[in-house]
Amino acid sequence: REWAHKELSRNEEGQRMRDEADHQTLDVMTGGLRIGYARVSTDDQDLSLQRDALQQSGCAEIYADTISGTKTDRPELTNCLRALRQGDTLVVWRLDRLGRSLKHLVEIINDLEKRGVRLESLTESIDTSTASGRMVASIFATLAEYERNLIRERTIAGLKAARARGRKGGRKPVLGPKEKREIEALLLDPKITVKDVAERYGVSRNTIYQHIDVKAINEAMNKKRIQQIMEEESHG
């Protein structure tokens, strides 16, 4: 059987979309096209198994990425999602080929549902147009929410434990204790300004003022000058 592959210019960027007049390989349930998406992680892996399964399931067009599932930039998945129209069915060999995480998978399922597009997974026998398929999607959404809450709870617990050990959460300080001591010593030289120090350490002047008590250093310098003047006068 020959599969229909039609390419039209979607916009100035040349995005692919199907011909709305193409009625070949229509989904018997919705009247829309069955469009497949396949993915492997590396060039060493073969797409043939997924392509064969998708073609046998009646997919009119198949989009495929060779890229890690954790990568956010998957150009063929983006093209696939853009090509789908209401009544179409997105078919995947397995759900883990589609979403880079449970949260991402749920987001895709919700987006497809809003657009009137079915999702079908061949290996797991999941079809979101059926009651059982919608129930599975609902379970995924619940698990994604549970995962988010679990991560949040672990993060909060970790921060509390770190604070109890005298550590603070967040980014590593730009200026450590060693840098602070060096800056304080440099600023005792009247010829060196805060701007000079900031440029030397690659930070802003505000950062210097936040970490260093410049006012106290200036007061110490003024006090030292006054003492020197008084000593000179007493010797004079």
# chains A, B, ... in the order shown; residues from 1 in each chain; ligands from 1
>>> select_by_dssp(residues="segment 149-229 of chain A", states="alpha helix (DSSP H)", output="VMD selection string")
chain A and resid 149 to 164 177 to 187 194 to 201 205 to 211 214 to 229
>>> select_by_dssp(residues="segment 6-212 of chain A", states="strand (DSSP E or B)", output="VMD selection string")
chain A and resid 26 33 to 40 61 to 66 89 to 92 118 to 121 126 to 127
>>> residues_around(residues="Ile108 of chain A", least_positions_apart="6", cutoff="9 Å", atoms="only C-alpha atoms", output="VMD selection string")
chain A and resid 81 98 to 99
>>> closest_residue(among="A:Arg205, A:Lys195, A:Arg115, A:Arg39", to="Asp96 of chain A", atoms="only C-alpha atoms")
A:Arg39
>>> residues_around(residues="Arg200 of chain A", least_positions_apart="5", cutoff="12 Å", atoms="only C-alpha atoms", output="ChimeraX atom specification")
/A:179,182-183,186,192-195,205,208
>>> write_last_selection(atoms="N, CA, C and O atoms", output="mmCIF file, in the first residue's frame")
data_model
loop_
_atom_site.group_PDB
_atom_site.id
_atom_site.type_symbol
_atom_site.label_atom_id
_atom_site.label_comp_id
_atom_site.auth_asym_id
_atom_site.auth_seq_id
_atom_site.Cartn_x
_atom_site.Cartn_y
_atom_site.Cartn_z
ATOM 1 N N GLU A 179 37.674 36.416 49.179
ATOM 2 C CA GLU A 179 37.531 37.612 48.344
ATOM 3 C C GLU A 179 37.156 38.825 49.174
ATOM 4 O O GLU A 179 37.647 39.939 48.920
ATOM 5 N N GLU A 182 40.242 40.186 50.884
ATOM 6 C CA GLU A 182 41.105 40.867 49.920
ATOM 7 C C GLU A 182 40.548 42.238 49.569
ATOM 8 O O GLU A 182 41.311 43.218 49.486
ATOM 9 N N ILE A 183 39.245 42.318 49.368
ATOM 10 C CA ILE A 183 38.614 43.596 49.006
ATOM 11 C C ILE A 183 38.747 44.610 50.139
ATOM 12 O O ILE A 183 39.032 45.796 49.912
ATOM 13 N N LEU A 186 42.180 45.956 50.070
ATOM 14 C CA LEU A 186 42.392 46.855 48.939
ATOM 15 C C LEU A 186 41.763 48.222 49.180
ATOM 16 O O LEU A 186 42.352 49.263 48.844
ATOM 17 N N ILE A 192 42.554 53.373 45.743
ATOM 18 C CA ILE A 192 41.701 52.353 45.118
ATOM 19 C C ILE A 192 40.239 52.629 45.450
ATOM 20 O O ILE A 192 39.873 52.783 46.612
ATOM 21 N N THR A 193 39.413 52.687 44.415
ATOM 22 C CA THR A 193 37.986 52.977 44.595
ATOM 23 C C THR A 193 37.153 51.697 44.539
ATOM 24 O O THR A 193 37.645 50.630 44.135
ATOM 25 N N VAL A 194 35.885 51.829 44.943
ATOM 26 C CA VAL A 194 34.954 50.692 44.873
ATOM 27 C C VAL A 194 34.788 50.231 43.429
ATOM 28 O O VAL A 194 34.703 49.030 43.142
ATOM 29 N N LYS A 195 34.781 51.173 42.503
ATOM 30 C CA LYS A 195 34.655 50.838 41.084
ATOM 31 C C LYS A 195 35.834 49.992 40.629
ATOM 32 O O LYS A 195 35.660 49.011 39.887
ATOM 33 N N ARG A 205 29.147 47.341 41.509
ATOM 34 C CA ARG A 205 29.438 48.119 42.728
ATOM 35 C C ARG A 205 28.417 47.821 43.821
ATOM 36 O O ARG A 205 28.753 47.809 45.009
ATOM 37 N N ILE A 208 29.510 44.886 45.780
ATOM 38 C CA ILE A 208 30.547 45.246 46.750
ATOM 39 C C ILE A 208 29.922 45.846 47.996
ATOM 40 O O ILE A 208 30.255 45.461 49.135
#
>>> residues_around(residues="Ser57 of chain A", least_positions_apart="2", cutoff="12 Å", atoms="only C-alpha atoms", output="MDAnalysis selection string")
chainID A and resid 3 25:28 33:36 50:55 59:62 89:93 120:123 125
>>> write_last_selection(atoms="N, CA, C and O atoms", output="tab-separated table (two decimals), in the first residue's frame")
chain	number	residue	atom	x	y	z
A	3	TRP	N	1.48	5.14	0.79
A	3	TRP	CA	0.96	6.14	1.72
A	3	TRP	C	1.03	7.52	1.08
A	3	TRP	O	1.98	7.85	0.39
A	25	THR	N	-6.57	7.48	3.91
A	25	THR	CA	-6.17	6.96	5.22
A	25	THR	C	-6.86	7.72	6.35
A	25	THR	O	-6.23	8.15	7.30
A	26	LEU	N	-8.15	7.93	6.20
A	26	LEU	CA	-8.90	8.62	7.24
A	26	LEU	C	-9.14	7.68	8.41
A	26	LEU	O	-9.31	6.48	8.25
A	27	ASP	N	-9.20	8.25	9.60
A	27	ASP	CA	-9.51	7.48	10.79
A	27	ASP	C	-10.99	7.12	10.76
A	27	ASP	O	-11.85	8.00	10.59
A	28	VAL	N	-11.30	5.86	10.93
A	28	VAL	CA	-12.69	5.42	10.81
A	28	VAL	C	-13.55	5.97	11.95
A	28	VAL	O	-14.77	6.04	11.83
A	33	LEU	N	-7.14	12.35	9.84
A	33	LEU	CA	-5.95	11.58	9.47
A	33	LEU	C	-5.28	10.99	10.70
A	33	LEU	O	-5.35	11.55	11.79
A	34	ARG	N	-4.63	9.86	10.49
A	34	ARG	CA	-3.81	9.25	11.53
A	34	ARG	C	-2.36	9.63	11.24
A	34	ARG	O	-1.81	9.25	10.19
A	35	ILE	N	-1.77	10.41	12.13
A	35	ILE	CA	-0.41	10.91	11.95
A	35	ILE	C	0.48	10.35	13.05
A	35	ILE	O	0.13	10.40	14.23
A	36	GLY	N	1.60	9.78	12.65
A	36	GLY	CA	2.48	9.12	13.61
A	36	GLY	C	3.68	9.95	14.00
A	36	GLY	O	4.14	10.82	13.25
A	50	GLN	N	9.51	1.25	14.95
A	50	GLN	CA	8.42	2.19	15.20
A	50	GLN	C	7.71	2.58	13.91
A	50	GLN	O	6.47	2.65	13.86
A	51	ARG	N	8.48	2.82	12.84
A	51	ARG	CA	7.88	3.20	11.56
A	51	ARG	C	6.94	2.10	11.05
A	51	ARG	O	5.83	2.38	10.59
A	52	ASP	N	7.42	0.84	11.12
A	52	ASP	CA	6.59	-0.28	10.64
A	52	ASP	C	5.28	-0.38	11.41
A	52	ASP	O	4.20	-0.56	10.83
A	53	ALA	N	5.38	-0.24	12.74
A	53	ALA	CA	4.17	-0.33	13.58
A	53	ALA	C	3.20	0.80	13.27
A	53	ALA	O	1.98	0.60	13.20
A	54	LEU	N	3.74	2.01	13.07
A	54	LEU	CA	2.89	3.17	12.78
A	54	LEU	C	2.24	3.05	11.41
A	54	LEU	O	1.06	3.38	11.24
A	55	GLN	N	2.98	2.57	10.42
A	55	GLN	CA	2.42	2.39	9.09
A	55	GLN	C	1.33	1.31	9.09
A	55	GLN	O	0.28	1.47	8.45
A	59	CYS	N	-1.10	5.08	9.61
A	59	CYS	CA	-0.65	6.47	9.63
A	59	CYS	C	-0.35	6.97	8.22
A	59	CYS	O	0.38	6.32	7.46
A	60	ALA	N	-0.91	8.11	7.87
A	60	ALA	CA	-0.70	8.70	6.55
A	60	ALA	C	0.65	9.39	6.47
A	60	ALA	O	1.24	9.48	5.39
A	61	GLU	N	1.14	9.88	7.58
A	61	GLU	CA	2.44	10.56	7.61
A	61	GLU	C	3.10	10.29	8.95
A	61	GLU	O	2.41	10.18	9.98
A	62	ILE	N	4.40	10.17	8.93
A	62	ILE	CA	5.15	9.88	10.15
A	62	ILE	C	6.26	10.91	10.32
A	62	ILE	O	7.07	11.12	9.41
A	89	THR	N	-5.77	11.93	14.59
A	89	THR	CA	-5.28	11.06	15.66
A	89	THR	C	-3.75	11.05	15.63
A	89	THR	O	-3.16	10.76	14.59
A	90	LEU	N	-3.14	11.37	16.76
A	90	LEU	CA	-1.69	11.28	16.90
A	90	LEU	C	-1.38	9.87	17.42
A	90	LEU	O	-1.86	9.48	18.48
A	91	VAL	N	-0.57	9.13	16.67
A	91	VAL	CA	-0.27	7.75	17.03
A	91	VAL	C	1.22	7.64	17.37
A	91	VAL	O	2.08	8.11	16.63
A	92	VAL	N	1.51	7.02	18.50
A	92	VAL	CA	2.90	6.77	18.90
A	92	VAL	C	3.06	5.29	19.20
A	92	VAL	O	2.11	4.61	19.56
A	93	TRP	N	4.28	4.80	19.02
A	93	TRP	CA	4.56	3.40	19.32
A	93	TRP	C	4.47	3.13	20.81
A	93	TRP	O	3.93	2.13	21.25
A	120	GLU	N	-3.19	8.02	20.53
A	120	GLU	CA	-3.23	6.56	20.59
A	120	GLU	C	-1.81	6.02	20.76
A	120	GLU	O	-0.90	6.40	20.02
A	121	SER	N	-1.62	5.17	21.74
A	121	SER	CA	-0.34	4.50	21.96
A	121	SER	C	-0.50	3.02	21.64
A	121	SER	O	-1.34	2.34	22.22
A	122	LEU	N	0.28	2.54	20.68
A	122	LEU	CA	0.11	1.17	20.20
A	122	LEU	C	0.54	0.13	21.23
A	122	LEU	O	-0.17	-0.85	21.46
A	123	THR	N	1.67	0.33	21.87
A	123	THR	CA	2.19	-0.66	22.81
A	123	THR	C	1.33	-0.78	24.06
A	123	THR	O	1.02	-1.87	24.53
A	125	SER	N	-1.77	0.19	24.27
A	125	SER	CA	-3.20	0.08	23.89
A	125	SER	C	-4.03	1.17	24.56
A	125	SER	O	-5.08	0.91	25.15
>>> residues_around(residues="Asp213 of chain A", least_positions_apart="3", cutoff="12 Å", atoms="only C-alpha atoms", output="list in words")
Lys180, Arg181, Ile183, Glu184, Ala185, Leu187, Leu188, Val194, Asn206, Thr207, Ile208, Tyr209, Gln210, Ala216, Ile217, Asn218, Glu219 and Ala220 of chain A
>>> write_last_selection(atoms="all heavy atoms", output="short mmCIF file (atom, residue, chain, number, x, y, z; two decimals), in the first residue's frame")
data_model
loop_
_atom_site.label_atom_id
_atom_site.label_comp_id
_atom_site.auth_asym_id
_atom_site.auth_seq_id
_atom_site.Cartn_x
_atom_site.Cartn_y
_atom_site.Cartn_z
N LYS A 180 36.33 38.63 50.17
CA LYS A 180 35.93 39.75 51.03
C LYS A 180 37.12 40.32 51.78
O LYS A 180 37.28 41.55 51.90
CB LYS A 180 34.85 39.29 52.02
CG LYS A 180 33.52 38.98 51.38
CD LYS A 180 32.51 38.51 52.41
CE LYS A 180 31.20 38.13 51.76
NZ LYS A 180 30.21 37.63 52.76
N ARG A 181 37.99 39.44 52.32
CA ARG A 181 39.17 39.92 53.04
C ARG A 181 40.10 40.69 52.11
O ARG A 181 40.66 41.73 52.48
CB ARG A 181 39.90 38.73 53.68
CG ARG A 181 39.18 38.10 54.85
CD ARG A 181 40.10 37.17 55.63
NE ARG A 181 40.58 36.06 54.80
CZ ARG A 181 39.95 34.89 54.71
NH1 ARG A 181 38.81 34.69 55.38
NH2 ARG A 181 40.44 33.93 53.95
N ILE A 183 39.25 42.32 49.37
CA ILE A 183 38.61 43.60 49.01
C ILE A 183 38.75 44.61 50.14
O ILE A 183 39.03 45.80 49.91
CB ILE A 183 37.14 43.37 48.63
CG1 ILE A 183 37.06 42.59 47.32
CG2 ILE A 183 36.39 44.69 48.51
CD1 ILE A 183 35.67 42.13 46.96
N GLU A 184 38.53 44.14 51.36
CA GLU A 184 38.66 45.04 52.52
C GLU A 184 40.07 45.61 52.61
O GLU A 184 40.27 46.79 52.91
CB GLU A 184 38.29 44.30 53.80
CG GLU A 184 36.80 44.01 53.92
CD GLU A 184 36.48 43.08 55.07
OE1 GLU A 184 37.44 42.56 55.69
OE2 GLU A 184 35.29 42.86 55.35
N ALA A 185 41.06 44.75 52.32
CA ALA A 185 42.45 45.21 52.36
C ALA A 185 42.72 46.21 51.24
O ALA A 185 43.43 47.22 51.45
CB ALA A 185 43.39 44.01 52.25
N LEU A 187 40.56 48.22 49.75
CA LEU A 187 39.84 49.49 49.97
C LEU A 187 40.48 50.35 51.05
O LEU A 187 40.15 51.53 51.18
CB LEU A 187 38.38 49.21 50.31
CG LEU A 187 37.52 48.67 49.15
CD1 LEU A 187 36.11 48.36 49.62
CD2 LEU A 187 37.47 49.68 48.01
N LEU A 188 41.39 49.80 51.83
CA LEU A 188 42.12 50.60 52.81
C LEU A 188 43.14 51.51 52.14
O LEU A 188 43.65 52.44 52.76
CB LEU A 188 42.83 49.69 53.82
CG LEU A 188 41.91 48.99 54.83
CD1 LEU A 188 42.68 47.98 55.65
CD2 LEU A 188 41.23 50.02 55.73
N VAL A 194 35.89 51.83 44.94
CA VAL A 194 34.95 50.69 44.87
C VAL A 194 34.79 50.23 43.43
O VAL A 194 34.70 49.03 43.14
CB VAL A 194 33.58 51.08 45.47
CG1 VAL A 194 32.56 49.98 45.22
CG2 VAL A 194 33.71 51.36 46.96
N ASN A 206 27.15 47.56 43.39
CA ASN A 206 26.13 47.22 44.39
C ASN A 206 26.50 45.94 45.14
O ASN A 206 26.25 45.82 46.34
CB ASN A 206 24.77 47.03 43.70
CG ASN A 206 24.15 48.35 43.29
OD1 ASN A 206 24.49 49.39 43.86
ND2 ASN A 206 23.27 48.32 42.32
N THR A 207 27.09 44.97 44.40
CA THR A 207 27.52 43.73 45.05
C THR A 207 28.58 44.00 46.10
O THR A 207 28.57 43.41 47.19
CB THR A 207 28.06 42.74 43.99
OG1 THR A 207 27.02 42.45 43.04
CG2 THR A 207 28.52 41.44 44.65
N ILE A 208 29.51 44.89 45.78
CA ILE A 208 30.55 45.25 46.75
C ILE A 208 29.92 45.85 48.00
O ILE A 208 30.25 45.46 49.13
CB ILE A 208 31.55 46.24 46.13
CG1 ILE A 208 32.27 45.61 44.93
CG2 ILE A 208 32.56 46.72 47.17
CD1 ILE A 208 33.14 44.45 45.27
N TYR A 209 28.98 46.77 47.80
CA TYR A 209 28.33 47.42 48.95
C TYR A 209 27.50 46.44 49.77
O TYR A 209 27.35 46.60 50.98
CB TYR A 209 27.46 48.59 48.47
CG TYR A 209 28.25 49.82 48.10
CD1 TYR A 209 28.36 50.23 46.78
CD2 TYR A 209 28.89 50.57 49.08
CE1 TYR A 209 29.08 51.36 46.42
CE2 TYR A 209 29.62 51.71 48.75
CZ TYR A 209 29.72 52.09 47.42
OH TYR A 209 30.45 53.20 47.09
N GLN A 210 26.94 45.39 49.09
CA GLN A 210 26.13 44.40 49.80
C GLN A 210 26.98 43.49 50.68
O GLN A 210 26.53 43.04 51.73
CB GLN A 210 25.35 43.55 48.79
CG GLN A 210 24.20 44.29 48.12
CD GLN A 210 23.58 43.49 47.00
OE1 GLN A 210 23.97 42.35 46.75
NE2 GLN A 210 22.60 44.07 46.32
N ALA A 216 32.32 51.54 57.02
CA ALA A 216 33.22 51.30 58.16
C ALA A 216 34.67 51.43 57.74
O ALA A 216 35.51 51.95 58.49
CB ALA A 216 32.95 49.92 58.74
N ILE A 217 34.99 50.96 56.52
CA ILE A 217 36.36 51.07 56.02
C ILE A 217 36.74 52.53 55.82
O ILE A 217 37.84 52.96 56.18
CB ILE A 217 36.50 50.28 54.69
CG1 ILE A 217 36.35 48.79 54.95
CG2 ILE A 217 37.85 50.57 54.03
CD1 ILE A 217 36.36 47.93 53.70
N ASN A 218 35.82 53.33 55.26
CA ASN A 218 36.09 54.75 55.06
C ASN A 218 36.29 55.47 56.40
O ASN A 218 37.16 56.34 56.54
CB ASN A 218 34.93 55.40 54.29
CG ASN A 218 34.90 54.96 52.84
OD1 ASN A 218 35.93 54.58 52.28
ND2 ASN A 218 33.73 55.01 52.23
N GLU A 219 35.46 55.09 57.38
CA GLU A 219 35.60 55.71 58.71
C GLU A 219 36.95 55.36 59.33
O GLU A 219 37.60 56.20 59.96
CB GLU A 219 34.46 55.24 59.62
CG GLU A 219 33.10 55.82 59.23
CD GLU A 219 31.98 55.28 60.10
OE1 GLU A 219 32.25 54.32 60.88
OE2 GLU A 219 30.85 55.78 59.99
N ALA A 220 37.37 54.11 59.14
CA ALA A 220 38.67 53.70 59.66
C ALA A 220 39.80 54.46 58.99
O ALA A 220 40.78 54.86 59.63
CB ALA A 220 38.84 52.20 59.46
#
>>> residues_around(residues="His104 of chain A", least_positions_apart="3", cutoff="12 Å", atoms="only C-alpha atoms", output="list in words")
Gly69, Thr70, Lys71, Thr72, Leu95, Asp96, Arg97, Leu98, Gly99, Arg100, Ser101, Glu107, Ile108, Ile109, Asn110, Asp111, Phe140, Ala141, Ala144, Glu145 and Arg148 of chain A
